[in-house]
>>> print(open('my_file_24.cif').read())   # mmCIF, C-alpha atoms
data_query
#
loop_
_atom_site.label_atom_id
_atom_site.label_comp_id
_atom_site.auth_asym_id
_atom_site.auth_seq_id
_atom_site.Cartn_x
_atom_site.Cartn_y
_atom_site.Cartn_z
CA MET A 1 -6.07 27.50 -39.07
CA GLU A 2 -5.18 26.99 -35.41
CA ASP A 3 -6.91 23.62 -35.51
CA GLU A 4 -5.01 22.60 -38.64
CA LEU A 5 -1.71 23.57 -37.04
CA ARG A 6 -2.51 21.61 -33.89
CA ARG A 7 -3.24 18.51 -35.93
CA LYS A 8 -0.03 19.00 -37.87
CA VAL A 9 2.04 19.20 -34.68
CA VAL A 10 0.35 16.18 -33.11
CA VAL A 11 0.80 13.98 -36.14
CA ARG A 12 4.45 14.99 -36.49
CA LEU A 13 5.20 14.17 -32.88
CA GLN A 14 3.34 10.90 -33.21
CA ASN A 15 5.45 9.97 -36.23
CA ILE A 16 8.67 11.10 -34.58
CA MET A 17 8.03 8.95 -31.54
CA ASP A 18 6.26 5.95 -33.08
CA LEU A 19 8.89 5.43 -35.74
CA GLN A 20 11.60 4.95 -33.14
CA THR A 21 12.65 1.63 -31.71
CA THR A 22 14.75 0.67 -28.73
CA SER A 23 18.35 -0.45 -29.22
CA ASP A 24 17.13 -4.06 -29.29
CA GLY A 25 14.43 -3.34 -31.84
CA ARG A 26 11.34 -3.14 -29.61
CA ARG A 27 8.68 -0.48 -29.92
CA LEU A 28 9.63 2.62 -27.94
CA ARG A 29 7.38 3.45 -24.98
CA TRP A 30 6.51 7.13 -24.83
CA PHE A 31 3.80 9.38 -23.41
CA TYR A 32 2.90 13.00 -22.91
CA CYS A 33 3.76 14.32 -19.48
CA PHE A 34 3.77 17.42 -17.25
CA GLY A 35 1.98 20.52 -18.58
CA THR A 36 0.85 18.93 -21.87
CA PHE A 37 -0.56 15.97 -19.98
CA LEU A 38 -2.18 18.22 -17.37
CA GLU A 39 -3.92 20.34 -20.00
CA PHE A 40 -5.30 17.29 -21.76
CA MET A 41 -6.51 15.66 -18.56
CA ALA A 42 -7.98 18.76 -16.93
CA SER A 43 -9.49 20.51 -19.94
CA ARG A 44 -9.65 17.74 -22.56
CA THR A 45 -7.72 19.83 -25.05
CA PHE A 46 -4.34 20.05 -26.70
CA SER A 47 -3.44 23.65 -27.39
CA LEU A 48 -0.35 25.28 -28.79
CA ASN A 49 -0.12 27.70 -25.89
CA TYR A 50 2.55 25.88 -23.88
CA ASP A 51 5.74 23.92 -24.43
CA ILE A 52 5.08 20.28 -25.25
CA ASP A 53 6.41 17.69 -22.82
CA ILE A 54 7.14 14.11 -23.85
CA GLY A 55 8.41 11.32 -21.60
CA MET A 56 10.25 8.12 -22.40
CA PHE A 57 12.52 5.70 -20.57
CA TYR A 58 16.24 6.40 -20.28
CA GLU A 59 17.43 2.88 -21.03
CA GLU A 60 15.26 2.61 -24.16
CA ALA A 61 16.43 5.88 -25.68
CA VAL A 62 18.93 6.08 -28.52
CA GLU A 63 19.98 9.72 -28.71
CA GLY A 64 21.07 9.70 -32.36
CA GLN A 65 17.70 8.28 -33.32
CA ILE A 66 15.72 10.84 -31.29
CA THR A 67 17.58 13.88 -32.64
CA GLY A 68 17.62 12.40 -36.15
CA MET A 69 13.85 11.92 -36.11
CA PHE A 70 13.14 15.37 -34.70
CA GLU A 71 15.44 16.96 -37.30
CA SER A 72 13.86 15.12 -40.18
CA PHE A 73 10.42 16.35 -39.03
CA GLY A 74 11.44 20.00 -38.80
CA TYR A 75 12.89 20.50 -35.31
CA LYS A 76 16.36 21.47 -34.13
CA LEU A 77 18.08 20.42 -30.90
CA ASP A 78 18.45 23.53 -28.80
CA ALA A 79 19.67 22.41 -25.39
CA ALA A 80 20.27 19.29 -23.34
CA VAL A 81 21.05 18.09 -19.83
CA ARG A 82 23.31 15.05 -19.82
CA ASN A 83 24.63 12.33 -17.58
CA ASP A 84 28.23 13.32 -16.76
CA VAL A 85 29.29 9.66 -16.74
CA ASP A 86 28.18 8.37 -20.12
CA GLY A 87 26.98 11.55 -21.84
CA LYS A 88 23.46 10.19 -22.37
CA PRO A 89 20.73 12.84 -22.14
CA PHE A 90 18.22 13.23 -19.31
CA ASN A 91 16.46 16.05 -21.12
CA LEU A 92 16.45 17.26 -24.74
CA HIS A 93 14.93 20.57 -25.79
CA PHE A 94 13.84 20.96 -29.43
CA ARG A 95 12.87 24.15 -31.24
CA PRO A 96 10.77 24.23 -34.44
CA LYS A 97 12.98 24.99 -37.43
CA ASP A 98 10.66 24.47 -40.41
CA GLU A 99 8.67 27.38 -41.80
CA SER A 100 5.54 25.23 -41.58
CA LEU A 101 6.00 24.93 -37.80
CA ALA A 102 6.53 28.64 -37.25
CA GLY A 103 4.82 29.85 -34.10
CA THR A 104 4.39 26.35 -32.65
CA PRO A 105 5.82 25.46 -29.23
CA THR A 106 9.17 23.94 -28.37
CA VAL A 107 9.29 20.28 -27.34
CA ASP A 108 10.95 18.97 -24.20
CA VAL A 109 11.84 15.29 -24.10
CA PHE A 110 12.34 13.79 -20.63
CA LEU A 111 14.21 10.53 -20.25
CA PHE A 112 13.08 8.93 -16.99
CA TYR A 113 16.04 7.26 -15.32
CA PRO A 114 15.48 3.88 -13.53
CA TYR A 115 16.36 4.04 -9.86
CA GLY A 116 15.10 1.01 -7.96
CA GLY A 117 11.37 1.32 -7.46
CA ARG A 118 11.46 4.88 -8.73
CA ARG A 119 12.18 6.83 -11.88
CA LEU A 120 14.13 10.07 -11.77
CA TYR A 121 13.83 13.01 -14.12
CA THR A 122 15.61 16.29 -14.45
CA TYR A 123 15.98 19.34 -16.69
CA ASP A 124 17.78 22.65 -16.36
CA ILE A 125 16.13 23.18 -12.98
CA GLU A 126 18.57 25.83 -11.76
CA HIS A 127 18.76 27.64 -15.13
CA GLU A 128 22.50 27.15 -15.49
CA GLY A 129 22.30 26.68 -19.24
CA LYS A 130 24.86 23.86 -19.05
CA GLU A 131 24.70 20.35 -20.46
CA ARG A 132 26.44 19.09 -17.31
CA PRO A 133 25.13 21.10 -14.37
CA SER A 134 27.27 21.81 -11.31
CA ARG A 135 24.95 19.50 -9.34
CA TYR A 136 22.12 17.23 -10.41
CA LEU A 137 18.68 17.69 -8.92
CA PHE A 138 16.32 14.85 -9.74
CA LYS A 139 12.61 14.73 -9.13
CA VAL A 140 11.14 11.32 -8.32
CA VAL A 141 8.18 9.30 -9.61
CA PRO A 142 7.15 5.84 -8.32
CA ARG A 143 8.15 3.52 -11.13
CA ARG A 144 4.97 1.49 -11.13
CA TRP A 145 2.82 4.48 -12.03
CA LEU A 146 4.66 4.72 -15.32
CA GLU A 147 5.44 1.05 -15.82
CA PRO A 148 2.64 -1.20 -14.58
CA THR A 149 3.20 -4.89 -14.03
CA LYS A 150 1.57 -7.43 -16.32
CA GLU A 151 -0.92 -8.12 -13.49
CA ASP A 152 -1.79 -4.42 -13.19
CA VAL A 153 -2.61 -4.26 -16.90
CA GLU A 154 -4.61 -7.48 -16.76
CA PHE A 155 -6.64 -6.15 -13.85
CA ALA A 156 -7.39 -2.96 -15.77
CA TYR A 157 -8.44 -5.03 -18.79
CA GLU A 158 -10.85 -7.10 -16.73
CA GLY A 159 -12.81 -4.03 -15.68
CA ALA A 160 -12.50 -2.13 -18.96
CA SER A 161 -15.20 -1.40 -21.51
CA GLN A 162 -14.63 -2.33 -25.16
CA GLU A 163 -13.65 1.27 -25.93
CA GLN A 164 -11.22 1.39 -23.02
CA LYS A 165 -9.66 -1.87 -24.20
CA ARG A 166 -9.01 -0.28 -27.57
CA VAL A 167 -6.97 2.52 -26.05
CA LEU A 168 -5.04 0.58 -23.40
CA LYS A 169 -2.01 -0.92 -25.08
CA ALA A 170 -1.30 -4.20 -23.31
CA GLU A 171 2.31 -4.49 -24.41
CA THR A 172 3.30 -1.07 -23.07
CA GLY A 173 0.72 -0.34 -20.33
CA ILE A 174 0.15 3.07 -21.90
CA TRP A 175 -3.29 4.52 -22.62
CA ARG A 176 -3.46 6.03 -26.11
CA TYR A 177 -6.52 8.24 -26.00
CA TRP A 178 -8.01 9.75 -29.12
CA LEU A 179 -7.48 13.42 -29.70
CA PHE A 180 -9.94 15.86 -31.29
CA GLU A 181 -12.62 13.25 -32.08
CA PRO A 182 -13.39 9.63 -31.16
CA GLN A 183 -11.39 6.98 -33.01
CA SER A 184 -9.30 9.57 -34.76
CA GLN A 185 -5.81 8.95 -36.10
CA TYR A 186 -4.54 11.51 -33.60
CA GLU A 187 -3.55 9.89 -30.36
CA PHE A 188 -2.52 11.13 -26.97
CA PRO A 189 -0.47 8.58 -25.00
CA VAL A 190 -0.61 8.91 -21.21
CA PRO A 191 1.03 6.82 -18.48
CA PHE A 192 -0.88 3.99 -16.81
CA ASP A 193 -1.67 5.47 -13.38
CA TYR A 194 -2.37 8.96 -14.61
CA GLY A 195 -4.59 9.96 -11.69
CA HIS A 196 -1.74 9.31 -9.27
CA LEU A 197 0.58 11.40 -11.44
CA LEU A 198 -1.88 14.30 -11.59
CA ASP A 199 -2.11 14.31 -7.79
CA LEU A 200 1.67 14.18 -7.46
CA TRP A 201 2.67 16.71 -10.10
CA TYR A 202 -0.20 19.17 -9.90
CA PRO A 203 -2.23 19.15 -6.67
CA GLY A 204 -5.57 20.84 -7.38
CA TRP A 205 -5.29 19.76 -11.02
CA TRP A 206 -9.05 19.29 -11.47
CA HIS A 207 -9.81 22.99 -11.22
CA ARG A 208 -6.70 24.48 -12.82
CA GLN A 209 -7.09 26.99 -15.61
CA ASN A 210 -3.40 27.51 -16.25
CA TYR A 211 -1.17 24.70 -17.39
CA ASN A 212 2.18 26.34 -16.80
CA GLY A 213 4.23 25.70 -13.72
CA GLN A 214 6.75 23.28 -12.33
CA SER A 215 5.78 19.72 -11.54
CA LYS A 216 5.83 19.00 -7.81
CA THR A 217 7.73 16.14 -6.30
CA LEU A 218 7.52 14.52 -2.89
CA GLU A 219 11.19 13.65 -2.96
CA TRP A 220 14.45 14.92 -4.45
CA VAL A 221 17.63 13.05 -5.30
CA LYS A 222 20.59 15.44 -5.27
CA VAL A 223 24.05 14.39 -6.46
CA LYS A 224 27.20 16.20 -7.50
CA SER A 225 27.88 13.63 -10.19
CA CYS A 226 25.81 10.79 -11.65
CA LYS A 227 28.52 8.44 -10.38
CA GLU A 228 26.73 8.76 -7.05
CA LEU A 229 23.48 7.35 -8.41
CA HIS A 230 23.14 4.02 -6.69
CA ASP A 231 19.93 2.17 -5.93
CA MET B 232 -31.49 8.75 -22.16
CA ALA B 233 -29.29 10.75 -19.79
CA TYR B 234 -30.45 10.57 -16.18
CA PHE B 235 -28.92 13.91 -15.22
CA ASN B 236 -30.85 16.19 -17.55
CA TYR B 237 -31.11 19.90 -16.84
CA GLU B 238 -34.14 19.67 -14.52
CA ARG B 239 -32.74 16.79 -12.50
CA LYS B 240 -29.43 18.58 -12.07
CA LEU B 241 -31.25 21.57 -10.61
CA LEU B 242 -33.19 19.36 -8.20
CA THR B 243 -30.03 17.50 -7.23
CA ILE B 244 -28.14 20.70 -6.51
CA GLN B 245 -31.06 21.88 -4.39
CA ASP B 246 -31.03 18.56 -2.47
CA MET B 247 -27.25 18.69 -2.04
CA LYS B 248 -27.55 22.15 -0.54
CA THR B 249 -30.12 20.85 1.93
CA ILE B 250 -27.85 17.91 2.81
CA ILE B 251 -24.91 20.25 3.39
CA GLN B 252 -27.01 22.49 5.62
CA CYS B 253 -28.21 19.48 7.66
CA ALA B 254 -24.60 18.32 7.99
CA LYS B 255 -23.61 21.77 9.25
CA ASP B 256 -26.48 21.84 11.74
CA ALA B 257 -25.48 18.41 13.08
CA GLY B 258 -21.79 19.35 13.27
CA VAL B 259 -20.69 16.69 10.75
CA TYR B 260 -20.08 18.91 7.71
CA ASP B 261 -16.28 18.69 7.93
CA HIS B 262 -16.49 14.89 7.80
CA LEU B 263 -18.86 14.73 4.84
CA PHE B 264 -17.26 14.22 1.45
CA VAL B 265 -18.03 13.29 -2.11
CA SER B 266 -16.63 10.16 -3.69
CA PHE B 267 -17.20 7.52 -6.39
CA GLY B 268 -19.37 8.64 -9.33
CA LEU B 269 -19.79 12.25 -8.29
CA LEU B 270 -16.07 12.61 -7.63
CA LEU B 271 -15.46 11.34 -11.15
CA GLY B 272 -17.96 13.87 -12.48
CA ILE B 273 -16.37 16.76 -10.59
CA CYS B 274 -12.83 15.89 -11.70
CA ARG B 275 -13.52 14.86 -15.27
CA GLU B 276 -16.46 16.99 -16.34
CA HIS B 277 -16.89 19.60 -13.63
CA ASN B 278 -20.45 18.36 -13.59
CA PHE B 279 -22.69 15.42 -12.83
CA ILE B 280 -22.10 12.45 -15.08
CA LYS B 281 -25.07 12.28 -17.39
CA HIS B 282 -25.54 8.51 -17.16
CA ASP B 283 -24.92 8.16 -13.46
CA ASN B 284 -28.14 7.56 -11.55
CA ASP B 285 -27.34 8.48 -7.98
CA VAL B 286 -25.09 10.62 -5.80
CA ASP B 287 -22.59 9.07 -3.42
CA MET B 288 -21.70 10.91 -0.24
CA CYS B 289 -19.35 9.61 2.42
CA LEU B 290 -19.26 10.46 6.08
CA LEU B 291 -16.15 9.73 8.10
CA ALA B 292 -18.06 8.12 10.93
CA ASP B 293 -15.21 7.46 13.32
CA ASN B 294 -14.85 11.21 13.74
CA ILE B 295 -18.43 11.72 14.85
CA THR B 296 -20.56 10.58 17.77
CA LYS B 297 -23.69 8.48 17.68
CA GLU B 298 -25.63 11.60 18.73
CA GLN B 299 -24.27 13.60 15.80
CA GLU B 300 -25.11 10.73 13.46
CA ASP B 301 -28.67 10.67 14.78
CA ASP B 302 -28.94 14.46 14.64
CA TYR B 303 -27.87 14.44 11.01
CA PHE B 304 -30.36 11.72 10.11
CA GLY B 305 -33.07 13.52 12.06
CA ALA B 306 -32.34 16.83 10.35
CA LEU B 307 -32.56 15.19 6.92
CA LYS B 308 -35.84 13.62 7.94
CA ALA B 309 -37.22 16.92 9.18
CA GLU B 310 -36.39 18.45 5.79
CA GLY B 311 -38.47 15.75 4.08
CA MET B 312 -35.49 14.13 2.40
CA PHE B 313 -36.76 10.57 2.89
CA GLN B 314 -40.22 10.95 1.39
CA ALA B 315 -39.65 8.65 -1.60
CA ARG B 316 -36.90 6.38 -0.26
CA GLU B 317 -35.54 5.41 3.12
CA GLU B 318 -33.19 2.48 3.46
CA VAL B 319 -30.73 1.98 6.28
CA ALA B 320 -28.01 -0.59 7.02
CA ARG B 321 -26.65 -0.85 10.55
CA ARG B 322 -23.89 -2.63 12.41
CA ARG B 323 -25.28 -5.62 14.19
CA ASP B 324 -23.28 -4.96 17.38
CA THR B 325 -23.57 -1.21 17.99
CA GLY B 326 -26.60 -0.33 15.93
CA ARG B 327 -24.67 2.46 14.25
CA MET B 328 -25.41 3.13 10.62
CA THR B 329 -23.03 1.98 7.90
CA TRP B 330 -25.11 3.16 4.96
CA PHE B 331 -28.37 4.90 4.19
CA SER B 332 -30.13 5.91 1.05
CA LEU B 333 -32.66 8.68 0.57
CA ARG B 334 -34.77 10.26 -2.15
CA ARG B 335 -36.84 13.33 -1.54
CA ARG B 336 -39.47 12.71 -4.17
CA ALA B 337 -39.85 10.31 -7.08
CA ASP B 338 -38.40 12.76 -9.61
CA HIS B 339 -35.40 13.62 -7.39
CA SER B 340 -32.04 11.85 -7.27
CA LYS B 341 -31.19 9.04 -4.93
CA PHE B 342 -28.41 9.89 -2.47
CA CYS B 343 -26.36 7.13 -0.87
CA HIS B 344 -24.52 7.92 2.33
CA TRP B 345 -21.59 5.68 3.22
CA LEU B 346 -20.55 5.98 6.85
CA CYS B 347 -16.88 5.06 6.50
CA PHE B 348 -14.25 4.32 9.06
CA ARG B 349 -10.46 3.99 9.19
CA TRP B 350 -8.81 0.69 9.96
CA GLY B 351 -5.50 -0.89 8.96
CA GLY B 352 -4.46 1.84 6.52
CA TYR B 353 -7.74 1.88 4.58
CA VAL B 354 -10.99 3.79 4.72
CA TRP B 355 -13.76 1.17 4.62
CA HIS B 356 -17.40 1.36 3.61
CA THR B 357 -20.18 -1.20 3.55
CA LYS B 358 -23.88 -1.87 3.37
CA SER B 359 -23.07 -4.62 5.91
CA LYS B 360 -24.38 -7.87 4.50
CA ARG B 361 -23.73 -9.40 1.09
CA TRP B 362 -23.74 -6.47 -1.34
CA ILE B 363 -20.64 -6.98 -3.46
CA LYS B 364 -20.49 -9.33 -6.40
CA THR B 365 -17.29 -11.19 -5.67
CA SER B 366 -16.94 -12.03 -9.35
CA LYS B 367 -15.89 -8.42 -9.81
CA PHE B 368 -12.91 -8.99 -7.62
CA GLY B 369 -10.81 -10.61 -10.33
CA ARG B 370 -8.85 -13.71 -9.61
CA SER B 371 -8.66 -13.39 -5.83
CA GLU B 372 -11.96 -14.77 -4.72
CA ILE B 373 -13.11 -13.73 -1.31
CA LYS B 374 -15.02 -16.29 0.68
CA TYR B 375 -18.16 -14.77 2.11
CA ARG B 376 -20.23 -16.75 4.58
CA GLU B 377 -23.88 -16.20 5.36
CA GLU B 378 -23.13 -15.90 9.07
CA ASP B 379 -20.60 -13.11 8.55
CA ASP B 380 -21.53 -9.69 9.87
CA ALA B 381 -20.31 -7.72 6.85
CA ILE B 382 -18.11 -7.40 3.85
CA LEU B 383 -16.27 -4.09 3.47
CA GLN B 384 -14.74 -2.29 0.55
CA GLY B 385 -11.64 -0.18 1.14
CA THR B 386 -9.69 2.74 -0.28
CA PRO B 387 -6.13 3.52 0.91
CA GLU B 388 -6.35 6.01 3.74
CA ASN B 389 -3.65 8.28 2.32
CA TYR B 390 -5.71 8.71 -0.88
CA VAL B 391 -8.66 9.95 1.13
CA LEU B 392 -7.31 11.88 4.12
CA PRO B 393 -6.96 14.69 4.91
CA LEU B 394 -10.07 15.85 3.12
CA GLN B 395 -9.90 19.05 1.10
CA LYS B 396 -12.57 21.55 0.17
CA CYS B 397 -13.81 21.93 -3.38
CA ASP B 398 -16.18 24.39 -5.09
CA PHE B 399 -18.91 22.69 -7.06
CA LYS B 400 -22.05 24.34 -8.43
CA ASP B 401 -21.97 27.19 -5.90
CA MET B 402 -21.43 24.76 -3.03
CA VAL B 403 -18.37 24.03 -0.98
CA ILE B 404 -17.96 20.33 -0.32
CA SER B 405 -15.05 18.12 0.73
CA ILE B 406 -13.35 15.68 -1.59
CA PRO B 407 -10.51 13.19 -0.94
CA ALA B 408 -6.93 14.40 -0.55
CA ARG B 409 -5.80 12.68 -3.76
CA PRO B 410 -8.79 12.49 -6.08
CA GLY B 411 -6.81 11.22 -9.07
CA SER B 412 -5.47 8.31 -7.04
CA VAL B 413 -8.98 7.48 -5.79
CA LEU B 414 -10.21 7.48 -9.38
CA ASP B 415 -7.38 5.20 -10.52
CA TRP B 416 -8.23 2.92 -7.61
CA CYS B 417 -11.97 2.81 -8.31
CA TYR B 418 -12.21 3.42 -12.04
CA GLN B 419 -8.90 2.72 -13.77
CA GLY B 420 -8.97 4.33 -17.21
CA TRP B 421 -11.52 6.86 -15.90
CA TYR B 422 -10.68 9.55 -18.44
CA MET B 423 -12.80 7.79 -21.02
CA PRO B 424 -16.52 7.77 -20.17
CA LYS B 425 -17.95 4.31 -19.68
CA SER B 426 -21.63 3.63 -19.25
CA GLY B 427 -22.58 1.59 -16.21
CA GLY B 428 -20.24 -0.32 -13.96
CA SER B 429 -19.54 0.05 -10.29
CA SER B 430 -16.18 0.83 -8.75
CA ALA B 431 -13.47 -1.84 -8.85
CA HIS B 432 -13.13 -4.00 -5.77
CA ARG B 433 -9.45 -3.82 -5.03
CA ALA B 434 -9.53 -4.12 -1.26
CA LEU B 435 -12.17 -6.17 0.49
CA CYS B 436 -12.50 -7.16 4.11
CA ARG B 437 -14.59 -10.01 5.41
CA VAL B 438 -15.96 -9.28 8.87
CA PRO B 439 -17.06 -12.45 10.68
CA LYS B 440 -17.86 -10.40 13.80
CA TRP B 441 -17.94 -6.63 14.07
CA SER B 442 -16.79 -6.82 17.66
CA ASP B 443 -13.61 -8.78 16.91
CA PRO B 444 -11.30 -6.98 14.44
CA SER B 445 -8.60 -9.60 15.01
CA GLY B 446 -10.74 -11.99 12.96
CA TRP B 447 -11.32 -9.64 10.03
CA VAL B 448 -9.75 -10.85 6.78
CA VAL B 449 -8.41 -8.33 4.26
CA THR B 450 -7.77 -9.20 0.62
CA VAL B 451 -6.11 -6.62 -1.57
CA GLN B 452 -6.05 -7.03 -5.32
CA THR B 453 -3.01 -4.90 -6.03
CA PRO B 454 -0.44 -3.56 -3.57
#
>>> encode(input="my_file_24.cif", output="structure tokens")
Amino acid sequence: MEDELRRKVVVRLQNIMDLQTTSDGRRLRWFYCFGTFLEFMASRTFSLNYDIDIGMFYEEAVEGQITGMFESFGYKLDAAVRNDVDGKPFNLHFRPKDESLAGTPTVDVFLFYPYGGRRLYTYDIEHEGKERPSRYLFKVVPRRWLEPTKEDVEFAYEGASQEQKRVLKAETGIWRYWLFEPQSQYEFPVPFDYGHLLDLWYPGWWHRQNYNGQSKTLEWVKVKSCKELHD
Amino acid sequence: MAYFNYERKLLTIQDMKTIIQCAKDAGVYDHLFVSFGLLLGICREHNFIKHDNDVDMCLLADNITKEQEDDYFGALKAEGMFQAREEVARRRDTGRMTWFSLRRRADHSKFCHWLCFRWGGYVWHTKSKRWIKTSKFGRSEIKYREEDDAILQGTPENYVLPLQKCDFKDMVISIPARPGSVLDWCYQGWYMPKSGGSSAHRALCRVPKWSDPSGWVVTVQTP
């Protein structure tokens, strides 16, 4: 039963994300991140014990499309953290609404904001419960770990096995690993340099038993208003 | 057939314990660390990788003296660790080891020791002479000449240092500071098991003369 529910959640999220396009009609780049990503990498599982974290890129996101897709697949928007300049979200929190998803975790969508050679992300870090917090605290990720160059992907392809080539998507630089069994329809997208991200977000990740906890950052960007976000 | 079956794992753990004890006796234990295939096994499977066929250990040699190096080698020898295999590569100028390989008995695992050193922001290791297939270095071909002293392979220093301790099979052994970054560097896409294949050659250094670092030529595949 638990296994059936897990498959149901994964396939729903896959549909929700894969059916979206960017504002100019390209395929949306998305991946699992933070605790969900950590659990998969460290224990090779996807459980329903923790909130599910999904990442995408700020400039590719169309909010109406994201919320519309989540709603049509049985979720309800519960909370958000937004840019105080243009109202676009940095973080969207969805709660299961359908009876068939009862007891399954909430889903957090993180929209990674481009900031020179870095990407910023935030959520309700100070538990203010406001869409526009009194100050913005952003955590930082080197951009290239999420968005490899064409040369980075080509280099990875050169050294990859046939199976690895099947899961590395050249157009997005995202690895889409199989979940539950090899070559299954259930996929688990992870960012390109996932080892670097594990080291950054969760030092000691290889022996962790618990997949809760805040992601670590080496650097913070703190602004009163997003007007102050300059490269 | 898997190389690391149950019996071989037990023998390998026993040999690793001996190696650790020898390192402690020679005062080099804190500079001994696991990398490459065994690091991948520890991080990905919390075990040896079934299809791997050796164990890679690294020793940060610029933190230890020639006497400690010799003591360590001598202690391993006294424990009978070289009975089935003994191969050594040395620097032509100083005579210090850059690599050695041992096997206790024919049914035991081979252990490679890489005596690494820091230089120019990387931690380098080598068997000294031609030992890397340059075809694996992608588009940036590195010119290796027969008269060169060595060709080195590097890992960014901040991925490796400072070392950290790790529990593995009832042993405490050091691993690099950022193991995930080392694995991305050496085995991009490492989450999915892949049979065979050595680590990627992203940073190579051609050493015309050991004694003249100003003439060493570094080529890095990706920044």
>>> closest_atom_pairs(input="my_file_24.cif", of="chain B", to="chain A", cutoff="9 Å", atoms="all atoms listed in the file", output="tab-separated table")
residue	atom	partner	partner_atom	distance
B:Ile273	CA	A:Trp206	CA	7.8
B:Cys274	CA	A:Trp206	CA	5.1
B:Arg275	CA	A:Ala42	CA	7.0
B:Glu276	CA	A:Ser43	CA	8.6
B:His277	CA	A:Trp206	CA	8.1
B:Lys367	CA	A:Gly159	CA	8.0
B:Gly369	CA	A:Phe155	CA	7.0
B:Arg370	CA	A:Phe155	CA	8.9
B:Cys397	CA	A:His207	CA	8.9
B:Asp398	CA	A:His207	CA	9.0
B:Ala408	CA	A:Asp199	CA	8.7
B:Arg409	CA	A:Asp199	CA	5.7
B:Pro410	CA	A:Asp199	CA	7.1
B:Gly411	CA	A:Gly195	CA	3.7
B:Ser412	CA	A:His196	CA	4.5
B:Val413	CA	A:Gly195	CA	7.8
B:Leu414	CA	A:Gly195	CA	6.6
B:Asp415	CA	A:Gly195	CA	5.6
B:Trp416	CA	A:Gly195	CA	8.9
B:Tyr418	CA	A:Gly159	CA	8.3
B:Gln419	CA	A:Ala156	CA	6.2
B:Gly420	CA	A:Gln164	CA	6.9
B:Trp421	CA	A:Gly195	CA	8.7
B:Tyr422	CA	A:Met41	CA	7.4
B:Met423	CA	A:Gln164	CA	6.9
B:Pro424	CA	A:Gln164	CA	8.8
B:Lys425	CA	A:Ser161	CA	6.6
B:Ser426	CA	A:Ser161	CA	8.5
B:Gly428	CA	A:Gly159	CA	8.5
B:Ala431	CA	A:Gly159	CA	7.2
B:Gln452	CA	A:Phe155	CA	8.6
B:Thr453	CA	A:Asp152	CA	7.3
>>> closest_residue(input="my_file_24.cif", among="A:Ser134, A:Thr149, A:Thr217, A:Gln14", to="Asp84 of chain A", atoms="all atoms listed in the file")
A:Ser134
>>> resolve_selection(input="my_file_24.cif", expression="the PyMOL selection byres ((chain A and resi 54) around 7)", output="JSON, numbers by chain")
{"A": [31, 32, 33, 52, 53, 55, 56, 108, 109, 110]}
>>> residues_around(input="my_file_24.cif", residues="Lys297 of chain B", least_positions_apart="4", cutoff="12 Å", atoms="all atoms listed in the file", output="PyMOL selection string")
chain B and resi 257-259+292-293+301-304+325-329+346
>>> resolve_selection(input="my_file_24.cif", expression="the PyMOL selection byres ((chain B and resi 306) around 12)", output="PyMOL selection string")
chain B and resi 249-259+298-305+307-313
>>> write_last_selection(input="my_file_24.cif", atoms="C-alpha atoms", output="PDB file, in the coordinates of the input")
ATOM      1  CA  THR B 249     -30.120  20.850   1.930  1.00  0.00           C
ATOM      2  CA  ILE B 250     -27.850  17.910   2.810  1.00  0.00           C
ATOM      3  CA  ILE B 251     -24.910  20.250   3.390  1.00  0.00           C
ATOM      4  CA  GLN B 252     -27.010  22.490   5.620  1.00  0.00           C
ATOM      5  CA  CYS B 253     -28.210  19.480   7.660  1.00  0.00           C
ATOM      6  CA  ALA B 254     -24.600  18.320   7.990  1.00  0.00           C
ATOM      7  CA  LYS B 255     -23.610  21.770   9.250  1.00  0.00           C
ATOM      8  CA  ASP B 256     -26.480  21.840  11.740  1.00  0.00           C
ATOM      9  CA  ALA B 257     -25.480  18.410  13.080  1.00  0.00           C
ATOM     10  CA  GLY B 258     -21.790  19.350  13.270  1.00  0.00           C
ATOM     11  CA  VAL B 259     -20.690  16.690  10.750  1.00  0.00           C
ATOM     12  CA  GLU B 298     -25.630  11.600  18.730  1.00  0.00           C
ATOM     13  CA  GLN B 299     -24.270  13.600  15.800  1.00  0.00           C
ATOM     14  CA  GLU B 300     -25.110  10.730  13.460  1.00  0.00           C
ATOM     15  CA  ASP B 301     -28.670  10.670  14.780  1.00  0.00           C
ATOM     16  CA  ASP B 302     -28.940  14.460  14.640  1.00  0.00           C
ATOM     17  CA  TYR B 303     -27.870  14.440  11.010  1.00  0.00           C
ATOM     18  CA  PHE B 304     -30.360  11.720  10.110  1.00  0.00           C
ATOM     19  CA  GLY B 305     -33.070  13.520  12.060  1.00  0.00           C
ATOM     20  CA  LEU B 307     -32.560  15.190   6.920  1.00  0.00           C
ATOM     21  CA  LYS B 308     -35.840  13.620   7.940  1.00  0.00           C
ATOM     22  CA  ALA B 309     -37.220  16.920   9.180  1.00  0.00           C
ATOM     23  CA  GLU B 310     -36.390  18.450   5.790  1.00  0.00           C
ATOM     24  CA  GLY B 311     -38.470  15.750   4.080  1.00  0.00           C
ATOM     25  CA  MET B 312     -35.490  14.130   2.400  1.00  0.00           C
ATOM     26  CA  PHE B 313     -36.760  10.570   2.890  1.00  0.00           C
TER      27      PHE B 313
END
>>> atom_distance(input="my_file_24.cif", atom1="atom CA of Leu92 of chain A", atom2="atom CA of Lys224 of chain A")
20.3 Å
>>> atom_distance(input="my_file_24.cif", atom1="atom CA of Arg6 of chain A", atom2="atom CA of Val81 of chain A")
27.7 Å
>>> residues_near_point(input="my_file_24.cif", point="(-22.5, 10.0, 4.1)", cutoff="9 Å", atoms="all atoms listed in the file", output="MDAnalysis selection string")
chainID B and resid 262:265 287:292 329:331 342:347
